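The next block is structure19.txt, given as compact mmCIF, C-alpha atoms and all ligand atoms.
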# COMPACT_ATOMS: atom_id res chain seq x y z
CA MET A 1 28.17 -50.52 60.58
CA LYS A 2 28.67 -50.02 64.29
CA THR A 3 32.05 -49.94 65.96
CA GLU A 4 32.82 -50.51 69.61
CA GLN A 5 32.53 -46.77 70.14
CA THR A 6 29.22 -44.95 70.32
CA SER A 7 27.60 -44.79 66.90
CA LYS A 8 28.62 -41.54 65.28
CA GLU A 9 25.97 -41.66 62.62
CA LEU A 10 22.98 -41.50 64.93
CA ILE A 11 24.11 -38.60 67.09
CA PRO A 12 23.40 -35.67 64.74
CA ARG A 13 20.08 -37.16 63.70
CA ASP A 14 18.76 -37.51 67.26
CA THR A 15 20.29 -34.21 68.29
CA THR A 16 18.53 -32.43 65.47
CA ARG A 17 15.28 -34.23 66.15
CA LEU A 18 15.29 -33.35 69.86
CA THR A 19 16.46 -29.78 69.35
CA HIS A 20 13.59 -29.12 66.98
CA LEU A 21 10.79 -30.66 69.00
CA LYS A 22 7.78 -28.50 68.29
CA VAL A 23 6.74 -26.00 70.97
CA ASN A 24 3.02 -25.30 71.26
CA ASN A 25 2.99 -21.57 71.85
CA PRO A 26 -0.18 -19.54 72.36
CA ARG A 27 -1.35 -17.73 69.24
CA GLY A 28 0.66 -14.64 68.33
CA PHE A 29 3.63 -15.56 70.51
CA ALA A 30 6.72 -17.55 69.66
CA SER A 31 9.65 -18.74 71.75
CA PHE A 32 11.77 -21.85 72.12
CA SER A 33 10.54 -22.64 75.62
CA PRO A 34 7.24 -24.35 76.30
CA PRO A 35 4.62 -22.54 78.40
CA VAL A 36 3.90 -23.82 81.92
CA PHE A 37 0.22 -24.31 82.65
CA ARG A 38 -0.60 -25.01 86.28
CA ALA A 39 -4.07 -25.94 87.44
CA SER A 40 -6.13 -27.82 89.95
CA THR A 41 -9.48 -26.44 88.77
CA VAL A 42 -9.98 -26.42 85.04
CA LEU A 43 -12.85 -24.13 84.04
CA PHE A 44 -15.67 -25.25 81.77
CA ARG A 45 -17.49 -22.86 79.46
CA ASN A 46 -20.91 -24.08 80.56
CA MET A 47 -22.71 -27.11 81.98
CA ASP A 48 -22.90 -28.77 78.59
CA ALA A 49 -19.13 -28.57 78.15
CA LEU A 50 -18.71 -30.07 81.63
CA ARG A 51 -21.04 -32.96 80.84
CA GLN A 52 -19.29 -33.64 77.55
CA ALA A 53 -15.74 -33.59 78.95
CA HIS A 54 -14.09 -36.98 78.67
CA MET A 55 -12.28 -37.57 81.93
CA ASP A 56 -10.31 -40.35 80.26
CA GLU A 57 -8.87 -38.29 77.42
CA GLU A 58 -5.83 -36.24 78.36
CA GLU A 59 -6.57 -33.60 75.75
CA SER A 60 -10.14 -33.15 76.91
CA TRP A 61 -9.07 -30.96 79.83
CA SER A 62 -11.09 -31.76 82.92
CA TYR A 63 -8.96 -31.55 86.05
CA GLY A 64 -5.36 -30.55 86.80
CA LEU A 65 -4.54 -33.97 88.25
CA HIS A 66 -5.34 -35.72 84.97
CA SER A 67 -3.45 -33.48 82.61
CA THR A 68 -2.51 -29.91 81.69
CA PRO A 69 -1.22 -28.78 78.28
CA THR A 70 2.34 -28.78 79.74
CA GLN A 71 2.02 -32.36 80.97
CA TYR A 72 0.43 -33.45 77.72
CA GLU A 73 3.19 -31.85 75.69
CA LEU A 74 5.89 -33.69 77.62
CA ALA A 75 4.02 -37.01 77.42
CA GLN A 76 3.63 -36.66 73.65
CA LYS A 77 7.28 -35.74 73.13
CA LEU A 78 8.44 -38.73 75.16
CA ALA A 79 6.22 -41.03 73.09
CA GLN A 80 7.71 -39.52 69.93
CA ILE A 81 11.30 -39.97 71.16
CA GLU A 82 10.74 -43.64 72.00
CA GLY A 83 8.89 -44.37 68.77
CA GLY A 84 5.50 -44.94 70.44
CA LYS A 85 2.17 -43.17 70.05
CA GLN A 86 0.90 -42.30 73.55
CA GLY A 87 2.67 -41.40 76.78
CA LEU A 88 1.68 -41.16 80.44
CA LEU A 89 3.56 -39.32 83.17
CA LEU A 90 4.00 -40.71 86.67
CA PRO A 91 5.46 -39.20 89.84
CA SER A 92 8.54 -41.51 89.64
CA GLY A 93 10.08 -44.30 87.60
CA LEU A 94 8.97 -46.72 90.29
CA ALA A 95 5.40 -45.39 90.02
CA ALA A 96 5.58 -46.15 86.27
CA ILE A 97 6.53 -49.74 87.14
CA SER A 98 3.70 -49.87 89.68
CA LEU A 99 1.17 -48.48 87.19
CA VAL A 100 1.94 -51.18 84.64
CA GLN A 101 1.69 -53.99 87.21
CA PHE A 102 -1.52 -52.70 88.79
CA SER A 103 -3.13 -52.04 85.38
CA LEU A 104 -2.44 -55.39 83.79
CA LEU A 105 -2.37 -57.95 86.59
CA ARG A 106 -5.26 -59.37 88.61
CA SER A 107 -5.50 -61.95 91.38
CA GLY A 108 -4.43 -65.37 90.05
CA ASP A 109 -2.23 -63.92 87.28
CA GLU A 110 1.47 -64.57 86.90
CA LEU A 111 4.24 -62.06 86.20
CA LEU A 112 7.62 -63.07 84.79
CA LEU A 113 10.42 -60.75 85.86
CA ALA A 114 13.97 -60.84 84.53
CA ASP A 115 16.30 -61.86 87.36
CA HIS A 116 18.46 -58.73 86.92
CA VAL A 117 15.67 -56.12 87.19
CA TYR A 118 15.87 -52.87 89.09
CA GLY A 119 15.77 -53.84 92.81
CA PRO A 120 12.63 -51.91 93.88
CA ASN A 121 10.73 -53.49 90.95
CA ARG A 122 11.60 -56.93 92.37
CA GLU A 123 10.32 -55.83 95.81
CA HIS A 124 7.16 -54.31 94.32
CA ALA A 125 6.30 -57.55 92.57
CA GLN A 126 7.50 -59.95 95.21
CA TRP A 127 5.90 -58.27 98.23
CA LEU A 128 3.16 -55.86 97.22
CA MET A 129 1.73 -57.70 94.20
CA ARG A 130 2.00 -61.00 96.04
CA ASP A 131 -0.43 -59.69 98.66
CA PHE A 132 -2.90 -59.00 95.84
CA GLY A 133 -2.73 -62.64 94.73
CA ILE A 134 -0.25 -62.20 91.88
CA THR A 135 2.58 -64.69 91.54
CA THR A 136 5.98 -63.51 90.33
CA ARG A 137 8.57 -65.84 88.84
CA PHE A 138 12.07 -64.82 87.85
CA TYR A 139 13.71 -65.85 84.58
CA ASN A 140 17.29 -65.86 83.39
CA PRO A 141 17.44 -62.74 81.16
CA LEU A 142 19.92 -64.47 78.84
CA SER A 143 17.91 -67.64 78.29
CA VAL A 144 14.81 -67.48 76.10
CA ASN A 145 14.46 -71.25 76.69
CA ASP A 146 14.29 -70.70 80.43
CA LEU A 147 11.63 -68.05 79.88
CA ALA A 148 9.61 -70.31 77.55
CA GLN A 149 9.47 -73.01 80.24
CA LEU A 150 8.02 -70.59 82.79
CA ILE A 151 5.10 -69.32 80.69
CA THR A 152 1.76 -70.81 81.76
CA PRO A 153 -1.83 -69.97 80.75
CA LYS A 154 -1.87 -67.65 83.79
CA THR A 155 1.12 -65.59 82.62
CA LYS A 156 -0.05 -62.08 81.72
CA LEU A 157 3.11 -60.02 81.62
CA ILE A 158 6.81 -60.50 80.81
CA TRP A 159 9.12 -57.82 82.18
CA ILE A 160 12.33 -57.04 80.29
CA GLU A 161 15.14 -54.72 81.33
CA ALA A 162 18.00 -53.92 78.97
CA PRO A 163 20.68 -53.83 80.11
CA GLY A 164 20.04 -55.15 83.63
CA SER A 165 20.35 -52.46 86.31
CA ILE A 166 23.51 -53.66 88.05
CA THR A 167 24.94 -56.62 86.17
CA MET A 168 24.31 -55.16 82.69
CA GLU A 169 23.27 -58.31 80.77
CA ILE A 170 21.56 -57.42 77.49
CA PRO A 171 18.71 -59.83 76.72
CA ASP A 172 17.59 -60.89 73.25
CA ILE A 173 14.59 -58.54 73.15
CA PRO A 174 13.14 -59.56 69.74
CA ALA A 175 13.36 -63.27 70.65
CA ILE A 176 11.53 -62.60 73.94
CA THR A 177 8.80 -60.48 72.32
CA ALA A 178 8.31 -63.05 69.53
CA LEU A 179 7.85 -65.79 72.11
CA ALA A 180 5.47 -63.60 74.14
CA LYS A 181 3.35 -62.82 71.07
CA GLU A 182 3.14 -66.51 70.19
CA ARG A 183 1.91 -67.26 73.73
CA GLY A 184 -0.41 -64.22 73.95
CA VAL A 185 1.52 -62.46 76.71
CA LEU A 186 2.21 -58.69 76.90
CA THR A 187 5.79 -57.42 77.23
CA VAL A 188 7.16 -54.36 78.96
CA LEU A 189 10.69 -52.98 78.65
CA ASP A 190 12.39 -50.84 81.29
CA ASN A 191 14.31 -48.73 78.77
CA THR A 192 15.82 -46.27 81.27
CA TRP A 193 19.50 -46.99 80.51
CA SER A 194 19.06 -45.88 76.89
CA GLY A 195 17.08 -42.73 77.73
CA GLY A 196 14.62 -44.03 75.12
CA LEU A 197 17.08 -42.93 72.43
CA LEU A 198 19.51 -45.82 72.00
CA CYS A 199 16.91 -48.57 71.81
CA ARG A 200 13.65 -48.48 69.82
CA PRO A 201 11.36 -50.74 71.86
CA PHE A 202 8.39 -50.83 69.47
CA ASP A 203 10.60 -51.82 66.53
CA LEU A 204 11.68 -54.78 68.67
CA GLY A 205 8.11 -55.92 69.33
CA VAL A 206 7.73 -54.53 72.87
CA ASP A 207 4.19 -53.51 73.95
CA ILE A 208 5.00 -51.03 76.72
CA ALA A 209 8.16 -49.00 77.42
CA ILE A 210 8.84 -47.39 80.75
CA GLN A 211 11.39 -44.72 81.66
CA ALA A 212 12.71 -43.24 84.88
CA LEU A 213 12.72 -39.65 83.58
CA THR A 214 14.60 -38.97 86.82
CA LYS A 215 17.72 -40.03 84.91
CA TYR A 216 18.68 -38.68 81.45
CA GLN A 217 15.50 -36.79 80.57
CA SER A 218 15.80 -34.68 83.71
CA GLY A 219 19.58 -34.58 83.44
CA GLY A 220 19.92 -32.38 86.50
CA SER A 221 19.74 -34.82 89.44
CA ASP A 222 16.82 -32.73 90.71
CA VAL A 223 13.56 -34.12 89.27
CA ILE A 224 11.78 -37.40 90.04
CA MET A 225 9.38 -38.57 87.32
CA GLY A 226 8.50 -41.59 85.22
CA SER A 227 6.78 -42.39 81.93
CA VAL A 228 4.86 -45.22 80.32
CA VAL A 229 4.76 -45.22 76.51
CA THR A 230 2.64 -47.43 74.26
CA ALA A 231 1.91 -47.75 70.55
CA ASP A 232 -1.59 -49.17 71.01
CA LYS A 233 -4.57 -46.98 71.91
CA ALA A 234 -6.54 -49.64 73.82
CA LEU A 235 -3.54 -50.58 75.95
CA HIS A 236 -2.91 -46.90 76.63
CA GLN A 237 -6.52 -46.47 77.80
CA ARG A 238 -6.19 -49.33 80.29
CA LEU A 239 -3.05 -47.78 81.75
CA SER A 240 -4.46 -44.27 81.67
CA SER A 241 -7.64 -45.21 83.51
CA THR A 242 -5.64 -46.90 86.32
CA ARG A 243 -3.45 -43.82 86.59
CA ARG A 244 -6.49 -41.58 86.87
CA THR A 245 -8.22 -43.83 89.41
CA MET A 246 -5.13 -44.04 91.57
CA GLY A 247 -4.69 -40.27 91.53
CA TRP A 248 -1.11 -40.31 90.25
CA GLY A 249 -0.31 -36.90 88.81
CA VAL A 250 2.81 -34.81 88.23
CA SER A 251 3.67 -31.13 88.57
CA SER A 252 3.71 -28.95 85.46
CA ASP A 253 6.78 -27.15 86.82
CA ASP A 254 8.66 -30.46 86.96
CA CYS A 255 7.48 -31.17 83.41
CA TYR A 256 8.95 -27.85 82.36
CA LEU A 257 12.32 -28.80 83.86
CA VAL A 258 12.31 -32.01 81.83
CA LEU A 259 11.12 -30.27 78.64
CA ARG A 260 13.93 -27.75 79.09
CA ASN A 261 16.56 -30.49 79.12
CA LEU A 262 15.20 -32.73 76.36
CA PRO A 263 16.92 -30.89 73.48
CA SER A 264 20.35 -31.60 74.98
CA MET A 265 19.63 -35.24 75.86
CA ALA A 266 21.15 -36.85 72.75
CA VAL A 267 24.35 -34.83 73.09
CA ARG A 268 24.56 -35.54 76.81
CA ILE A 269 24.01 -39.28 76.40
CA ALA A 270 26.66 -39.42 73.66
CA ALA A 271 29.10 -37.61 75.97
CA HIS A 272 28.30 -39.88 78.93
CA GLY A 273 28.70 -42.88 76.62
CA GLU A 274 32.05 -41.73 75.28
CA ARG A 275 33.36 -41.30 78.81
CA SER A 276 32.00 -44.63 80.03
CA THR A 277 33.56 -46.45 77.05
CA THR A 278 36.94 -44.80 77.65
CA LEU A 279 36.84 -45.71 81.35
CA ALA A 280 35.65 -49.26 80.67
CA LYS A 281 38.51 -49.89 78.21
CA TRP A 282 41.04 -48.52 80.68
CA LEU A 283 39.62 -50.57 83.56
CA LYS A 284 39.71 -53.73 81.45
CA ARG A 285 43.50 -53.59 81.43
CA ARG A 286 43.82 -53.26 85.22
CA HIS A 287 44.86 -56.26 87.32
CA GLU A 288 42.44 -55.20 90.12
CA ILE A 289 39.50 -55.89 87.79
CA VAL A 290 38.43 -59.37 86.70
CA ARG A 291 35.56 -58.34 84.45
CA VAL A 292 34.15 -55.15 82.95
CA LEU A 293 30.39 -55.20 82.40
CA HIS A 294 29.92 -52.51 79.77
CA PRO A 295 27.53 -53.23 76.86
CA ALA A 296 30.04 -52.04 74.23
CA LEU A 297 32.74 -54.49 75.39
CA PRO A 298 32.64 -58.17 74.35
CA ASP A 299 32.97 -59.30 78.00
CA CYS A 300 29.49 -58.00 78.76
CA PRO A 301 26.94 -60.83 78.71
CA GLY A 302 24.62 -60.20 75.75
CA HIS A 303 27.09 -57.85 74.02
CA LEU A 304 25.98 -59.15 70.60
CA HIS A 305 22.37 -58.23 71.38
CA TRP A 306 23.51 -54.72 72.21
CA GLN A 307 25.42 -54.57 68.93
CA ARG A 308 22.32 -55.60 66.99
CA ASP A 309 19.57 -53.70 68.86
CA PHE A 310 21.15 -50.55 70.29
CA SER A 311 22.54 -47.50 68.50
CA GLY A 312 25.04 -46.51 71.19
CA VAL A 313 25.98 -46.56 74.87
CA SER A 314 25.23 -44.36 77.85
CA GLY A 315 27.09 -43.56 81.05
CA LEU A 316 26.33 -46.47 83.38
CA PHE A 317 28.39 -49.66 83.69
CA SER A 318 29.85 -52.01 86.30
CA VAL A 319 33.12 -53.70 87.07
CA VAL A 320 33.91 -56.82 89.08
CA LEU A 321 36.91 -56.56 91.40
CA HIS A 322 39.22 -59.45 92.23
CA LYS A 323 38.06 -61.34 95.33
CA ARG A 324 41.36 -60.78 97.12
CA TYR A 325 40.13 -57.34 98.29
CA ARG A 326 38.34 -57.15 101.63
CA GLN A 327 35.11 -55.14 101.88
CA ALA A 328 36.93 -52.49 103.96
CA GLN A 329 39.42 -52.00 101.11
CA VAL A 330 36.64 -51.70 98.52
CA ASP A 331 34.83 -49.18 100.75
CA ALA A 332 38.03 -47.15 101.16
CA PHE A 333 38.58 -47.22 97.37
CA ILE A 334 35.05 -45.88 96.82
CA GLU A 335 35.20 -43.27 99.58
CA ASP A 336 38.55 -41.90 98.45
CA LEU A 337 37.34 -41.15 94.91
CA GLN A 338 37.21 -37.37 94.60
CA LEU A 339 35.09 -37.01 91.45
CA PHE A 340 32.55 -39.81 92.05
CA GLY A 341 29.73 -39.15 94.49
CA ILE A 342 28.25 -41.97 96.57
CA GLY A 343 24.50 -42.08 96.04
CA TYR A 344 21.53 -43.61 94.23
CA SER A 345 20.10 -42.61 90.87
CA TRP A 346 22.14 -41.14 87.98
CA GLY A 347 21.68 -39.18 84.74
CA GLY A 348 23.07 -35.80 85.86
CA SER A 349 26.36 -34.04 85.14
CA GLN A 350 28.31 -35.51 88.07
CA SER A 351 29.84 -38.98 88.20
CA LEU A 352 28.68 -41.51 90.78
CA VAL A 353 29.85 -44.80 92.25
CA MET A 354 28.03 -47.56 94.13
CA HIS A 355 28.84 -50.98 95.55
CA TYR A 356 26.30 -53.82 95.19
CA ASP A 357 25.82 -57.24 96.73
CA VAL A 358 24.58 -59.05 93.64
CA MET A 359 23.35 -62.20 95.39
CA GLU A 360 20.91 -60.16 97.48
CA THR A 361 18.85 -59.42 94.38
CA ARG A 362 18.96 -62.70 92.52
CA SER A 363 16.91 -65.87 92.68
CA ALA A 364 16.81 -67.57 89.27
CA THR A 365 20.48 -67.32 88.32
CA THR A 366 23.78 -67.76 90.14
CA TRP A 367 26.42 -65.11 90.64
CA PRO A 368 29.00 -65.24 89.26
CA PRO A 369 27.63 -66.97 86.15
CA THR A 370 29.01 -70.49 85.92
CA ASP A 371 30.24 -70.02 82.34
CA TRP A 372 32.76 -67.32 83.24
CA PRO A 373 36.27 -68.76 82.90
CA ASN A 374 37.55 -66.78 85.90
CA ALA A 375 34.47 -67.25 88.11
CA ASP A 376 36.62 -68.29 91.08
CA THR A 377 38.29 -64.85 91.18
CA VAL A 378 35.04 -62.84 91.29
CA GLY A 379 34.79 -60.38 94.18
CA SER A 380 32.87 -57.13 94.74
CA LEU A 381 30.77 -55.45 92.07
CA VAL A 382 31.19 -51.69 91.72
CA ARG A 383 28.94 -49.63 89.47
CA PHE A 384 30.12 -46.41 87.89
CA TYR A 385 28.05 -43.63 86.38
CA CYS A 386 30.13 -41.31 84.18
CA GLY A 387 28.99 -37.70 84.32
CA LEU A 388 30.37 -34.96 82.10
CA GLU A 389 33.81 -34.56 83.68
CA ASP A 390 36.83 -35.11 81.40
CA ALA A 391 37.50 -38.85 81.11
CA ARG A 392 41.23 -38.28 81.79
CA ASP A 393 40.39 -36.78 85.18
CA LEU A 394 38.00 -39.60 86.00
CA ILE A 395 40.68 -42.16 85.13
CA ALA A 396 43.33 -40.34 87.16
CA ASP A 397 40.96 -40.27 90.14
CA ILE A 398 40.26 -44.02 89.93
CA LYS A 399 43.93 -44.84 89.43
CA GLU A 400 44.95 -42.82 92.48
CA SER A 401 42.40 -44.47 94.77
CA MET A 402 43.15 -47.95 93.38
CA THR A 403 46.86 -47.52 93.98
CA ARG A 404 46.18 -46.41 97.53
CA HIS A 405 43.59 -48.98 98.59
CA LEU A 406 43.50 -51.99 96.26
CA VAL A 407 46.88 -53.43 97.15
C1 LIG B 1 16.07 -45.27 88.56
C2 LIG B 1 15.39 -46.39 87.92
C3 LIG B 1 14.04 -46.64 88.11
C4 LIG B 1 13.19 -45.85 89.10
O1 LIG B 1 13.15 -44.49 88.91
P1 LIG B 1 12.76 -43.50 90.12
O2 LIG B 1 12.32 -42.27 89.42
O3 LIG B 1 14.00 -43.33 90.94
O4 LIG B 1 11.65 -44.15 90.88
C5 LIG B 1 13.46 -47.68 87.42
N1 LIG B 1 14.17 -48.45 86.59
C6 LIG B 1 15.49 -48.26 86.38
C7 LIG B 1 16.22 -49.15 85.42
C8 LIG B 1 16.15 -47.23 87.03
O5 LIG B 1 17.45 -47.05 86.83
Any chance you could give the structure as structure tokens?
Amino acid sequence: MKTEQTSKELIPRDTTRLTHLKVNNPRGFASFSPPVFRASTVLFRNMDALRQAHMDEEESWSYGLHSTPTQYELAQKLAQIEGGKQGLLLPSGLAAISLVQFSLLRSGDELLLADHVYGPNREHAQWLMRDFGITTRFYNPLSVNDLAQLITPKTKLIWIEAPGSITMEIPDIPAITALAKERGVLTVLDNTWSGGLLCRPFDLGVDIAIQALTKYQSGGSDVIMGSVVTADKALHQRLSSTRRTMGWGVSSDDCYLVLRNLPSMAVRIAAHGERSTTLAKWLKRRHEIVRVLHPALPDCPGHLHWQRDFSGVSGLFSVVLHKRYRQAQVDAFIEDLQLFGIGYSWGGSQSLVMHYDVMETRSATTWPPTDWPNADTVGSLVRFYCGLEDARDLIADIKESMTRHLV
């Protein structure tokens, strides 16, 4: 049974699993670290071998852009971690989003995006895909009824994100995938927040899971990469052939950096999650804050879905400040934090902070939600990413800056 804290039971199991991911060493050599194979040209034994190479099979080596053993190894491990069967690597998380949309949507089709999705995904769909004749509609991530009303015979793809990038709502994933299956629509989950570890997308009926490996898999704030994982061979082939045609490859050296950090991912996520939960509980008691949006706390919209479908929490969450603070005060609060960097992305060792204008990225739902009892006190939204610093130091830092600027 899960408590409000990160689930203790799952941590050793995932840690052990990731630590013992098999390394494919060359014959007669053994080490813990995977070999790095770099190539543009891949040599063929003879003309027959060249003619028989399957350009569309990653393991039938044909060209360095399509795959190398290092890239293949990472893709397979990511599929294994997320509970899927096949994985594809992309040059960024956003490229993974783009690959899915370009592979599965054609002129005249409709895409349903959750209203709280990652901002650049919204822009990709709304601007780029629109110019290719694809219509995007936004649904309330917390209303399966709302979603059901928007599905038409032209709907080809439903996009889920859990929790939402900035406002952290956790949708009812199994209810959405059940509805999609009934209506013959594919579903994709942006599973980045969980690192692919805390949520098992294919057990919940999802068809495609994407990750920004830039975050927890990299863990070092120094690699940009994305993945697309499936559990269905035919679907994988559709995605893989678009990837090949578009010429989207990754560097084997970057793959090595990610492979190197995978064994510590479960331990890191548990540590980030412990810190974020400690901070969230402390912030909840502060008068400067009107709402804490952290999946493990009951105030987070969709908290019960998190409790049912997730095995723990990670390091990212948001808070809503009281509206009495002017933007200049909020900026000063953020800028005076000593341990939280100001910048995009997350997943590394250092804590980060960011301010967001929620209404700028919303069209199907209102902000603040009308059912919040204290909606009239809602001010700025600030998102925290908890790195690996001691939670007591993070709290002291926030307290100091709050006392100085949020008066
Ligand atoms: C960061 C992020 C992405 C994009 O990843 P990049 O590698 O920065 O392109 C996509 N989805 C979510 C939820 C993210 O947090």
What are the nearest atom pairs, with distances in Å to one decimal, for all residues of chain A that come at most 8 Å from ligand LIG 1 (chain B), using only C-alpha atoms and all ligand atoms, set out by chain and rising residue number as a Markdown table?
| residue | atom | partner | partner_atom | distance |
| --- | --- | --- | --- | --- |
| A:Pro91 | CA | B:LIG1 | O2 | 7.5 |
| A:Ser92 | CA | B:LIG1 | O2 | 3.9 |
| A:Gly93 | CA | B:LIG1 | O1 | 3.3 |
| A:Leu94 | CA | B:LIG1 | O4 | 3.8 |
| A:Ala95 | CA | B:LIG1 | O4 | 6.4 |
| A:Ala96 | CA | B:LIG1 | O4 | 7.9 |
| A:Ile97 | CA | B:LIG1 | C5 | 7.2 |
| A:Val117 | CA | B:LIG1 | C7 | 7.2 |
| A:Tyr118 | CA | B:LIG1 | C7 | 5.2 |
| A:Pro120 | CA | B:LIG1 | C4 | 7.7 |
| A:Asn121 | CA | B:LIG1 | C5 | 7.3 |
| A:Glu161 | CA | B:LIG1 | C7 | 7.0 |
| A:Gly164 | CA | B:LIG1 | C7 | 7.3 |
| A:Ser165 | CA | B:LIG1 | C7 | 5.4 |
| A:Asp190 | CA | B:LIG1 | C7 | 5.9 |
| A:Asn191 | CA | B:LIG1 | C7 | 6.9 |
| A:Thr192 | CA | B:LIG1 | C7 | 5.1 |
| A:Trp193 | CA | B:LIG1 | C7 | 6.3 |
| A:Ile210 | CA | B:LIG1 | N1 | 8.0 |
| A:Gln211 | CA | B:LIG1 | N1 | 6.8 |
| A:Ala212 | CA | B:LIG1 | O1 | 4.2 |
| A:Leu213 | CA | B:LIG1 | O2 | 6.4 |
| A:Thr214 | CA | B:LIG1 | O2 | 4.8 |
| A:Lys215 | CA | B:LIG1 | C1 | 6.6 |
| A:Ile224 | CA | B:LIG1 | O2 | 4.9 |
| A:Met225 | CA | B:LIG1 | O2 | 5.2 |
| A:Gly226 | CA | B:LIG1 | O2 | 5.7 |
| A:Ser345 | CA | B:LIG1 | C1 | 5.4 |
| A:Trp346 | CA | B:LIG1 | C1 | 7.4 |
Can you write just those residues out, C-alpha atoms, as a tab-separated table (two decimals), in the frame of the given file?
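File written: part15.tsv
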chain	number	residue	atom	x	y	z
A	91	PRO	CA	5.46	-39.20	89.84
A	92	SER	CA	8.54	-41.51	89.64
A	93	GLY	CA	10.08	-44.30	87.60
A	94	LEU	CA	8.97	-46.72	90.29
A	95	ALA	CA	5.40	-45.39	90.02
A	96	ALA	CA	5.58	-46.15	86.27
A	97	ILE	CA	6.53	-49.74	87.14
A	117	VAL	CA	15.67	-56.12	87.19
A	118	TYR	CA	15.87	-52.87	89.09
A	120	PRO	CA	12.63	-51.91	93.88
A	121	ASN	CA	10.73	-53.49	90.95
A	161	GLU	CA	15.14	-54.72	81.33
A	164	GLY	CA	20.04	-55.15	83.63
A	165	SER	CA	20.35	-52.46	86.31
A	190	ASP	CA	12.39	-50.84	81.29
A	191	ASN	CA	14.31	-48.73	78.77
A	192	THR	CA	15.82	-46.27	81.27
A	193	TRP	CA	19.50	-46.99	80.51
A	210	ILE	CA	8.84	-47.39	80.75
A	211	GLN	CA	11.39	-44.72	81.66
A	212	ALA	CA	12.71	-43.24	84.88
A	213	LEU	CA	12.72	-39.65	83.58
A	214	THR	CA	14.60	-38.97	86.82
A	215	LYS	CA	17.72	-40.03	84.91
A	224	ILE	CA	11.78	-37.40	90.04
A	225	MET	CA	9.38	-38.57	87.32
A	226	GLY	CA	8.50	-41.59	85.22
A	345	SER	CA	20.10	-42.61	90.87
A	346	TRP	CA	22.14	-41.14	87.98
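Picture a line from atom CA of A:Leu90 to atom CA of A:Leu259; it runs 15.0 Å.
Atom pair atom CA of A:Ser194 / atom CA of A:Thr68: separated by 27.3 Å.
Shortest separation to A:Ser241 among A:Val292, A:Trp306, A:Gly273, A:His54 occurs at residue A:His54, atoms counted being all atoms listed in the file.
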(request) Please write as a ChimeraX atom specification the list of polymer residues whose atoms come within 12 Å of (43.0, -57.1, 91.1), counting all atoms listed in the file and keeping to the coordinates of the file. (result) /A:283-291,319-326,329-330,377-380,402-403,405-407
Take the residues from that selection and put them in a file with C-alpha atoms, as a PDB file, in the coordinates of the input.
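The result, stored in selection26.pdb:
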ATOM      1  CA  LEU A 283      39.620 -50.570  83.560  1.00  0.00           C
ATOM      2  CA  LYS A 284      39.710 -53.730  81.450  1.00  0.00           C
ATOM      3  CA  ARG A 285      43.500 -53.590  81.430  1.00  0.00           C
ATOM      4  CA  ARG A 286      43.820 -53.260  85.220  1.00  0.00           C
ATOM      5  CA  HIS A 287      44.860 -56.260  87.320  1.00  0.00           C
ATOM      6  CA  GLU A 288      42.440 -55.200  90.120  1.00  0.00           C
ATOM      7  CA  ILE A 289      39.500 -55.890  87.790  1.00  0.00           C
ATOM      8  CA  VAL A 290      38.430 -59.370  86.700  1.00  0.00           C
ATOM      9  CA  ARG A 291      35.560 -58.340  84.450  1.00  0.00           C
ATOM     10  CA  VAL A 319      33.120 -53.700  87.070  1.00  0.00           C
ATOM     11  CA  VAL A 320      33.910 -56.820  89.080  1.00  0.00           C
ATOM     12  CA  LEU A 321      36.910 -56.560  91.400  1.00  0.00           C
ATOM     13  CA  HIS A 322      39.220 -59.450  92.230  1.00  0.00           C
ATOM     14  CA  LYS A 323      38.060 -61.340  95.330  1.00  0.00           C
ATOM     15  CA  ARG A 324      41.360 -60.780  97.120  1.00  0.00           C
ATOM     16  CA  TYR A 325      40.130 -57.340  98.290  1.00  0.00           C
ATOM     17  CA  ARG A 326      38.340 -57.150 101.630  1.00  0.00           C
ATOM     18  CA  GLN A 329      39.420 -52.000 101.110  1.00  0.00           C
ATOM     19  CA  VAL A 330      36.640 -51.700  98.520  1.00  0.00           C
ATOM     20  CA  THR A 377      38.290 -64.850  91.180  1.00  0.00           C
ATOM     21  CA  VAL A 378      35.040 -62.840  91.290  1.00  0.00           C
ATOM     22  CA  GLY A 379      34.790 -60.380  94.180  1.00  0.00           C
ATOM     23  CA  SER A 380      32.870 -57.130  94.740  1.00  0.00           C
ATOM     24  CA  MET A 402      43.150 -47.950  93.380  1.00  0.00           C
ATOM     25  CA  THR A 403      46.860 -47.520  93.980  1.00  0.00           C
ATOM     26  CA  HIS A 405      43.590 -48.980  98.590  1.00  0.00           C
ATOM     27  CA  LEU A 406      43.500 -51.990  96.260  1.00  0.00           C
ATOM     28  CA  VAL A 407      46.880 -53.430  97.150  1.00  0.00           C
TER      29      VAL A 407
END
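Across the structure, atom CA of A:Cys386 and atom CA of A:Gly315 are spaced 4.9 Å apart.
Nearest residue to A:Asp14 among A:Glu73, A:Glu82, A:Asp331, A:Asp336 is A:Glu82, counting only C-alpha atoms.
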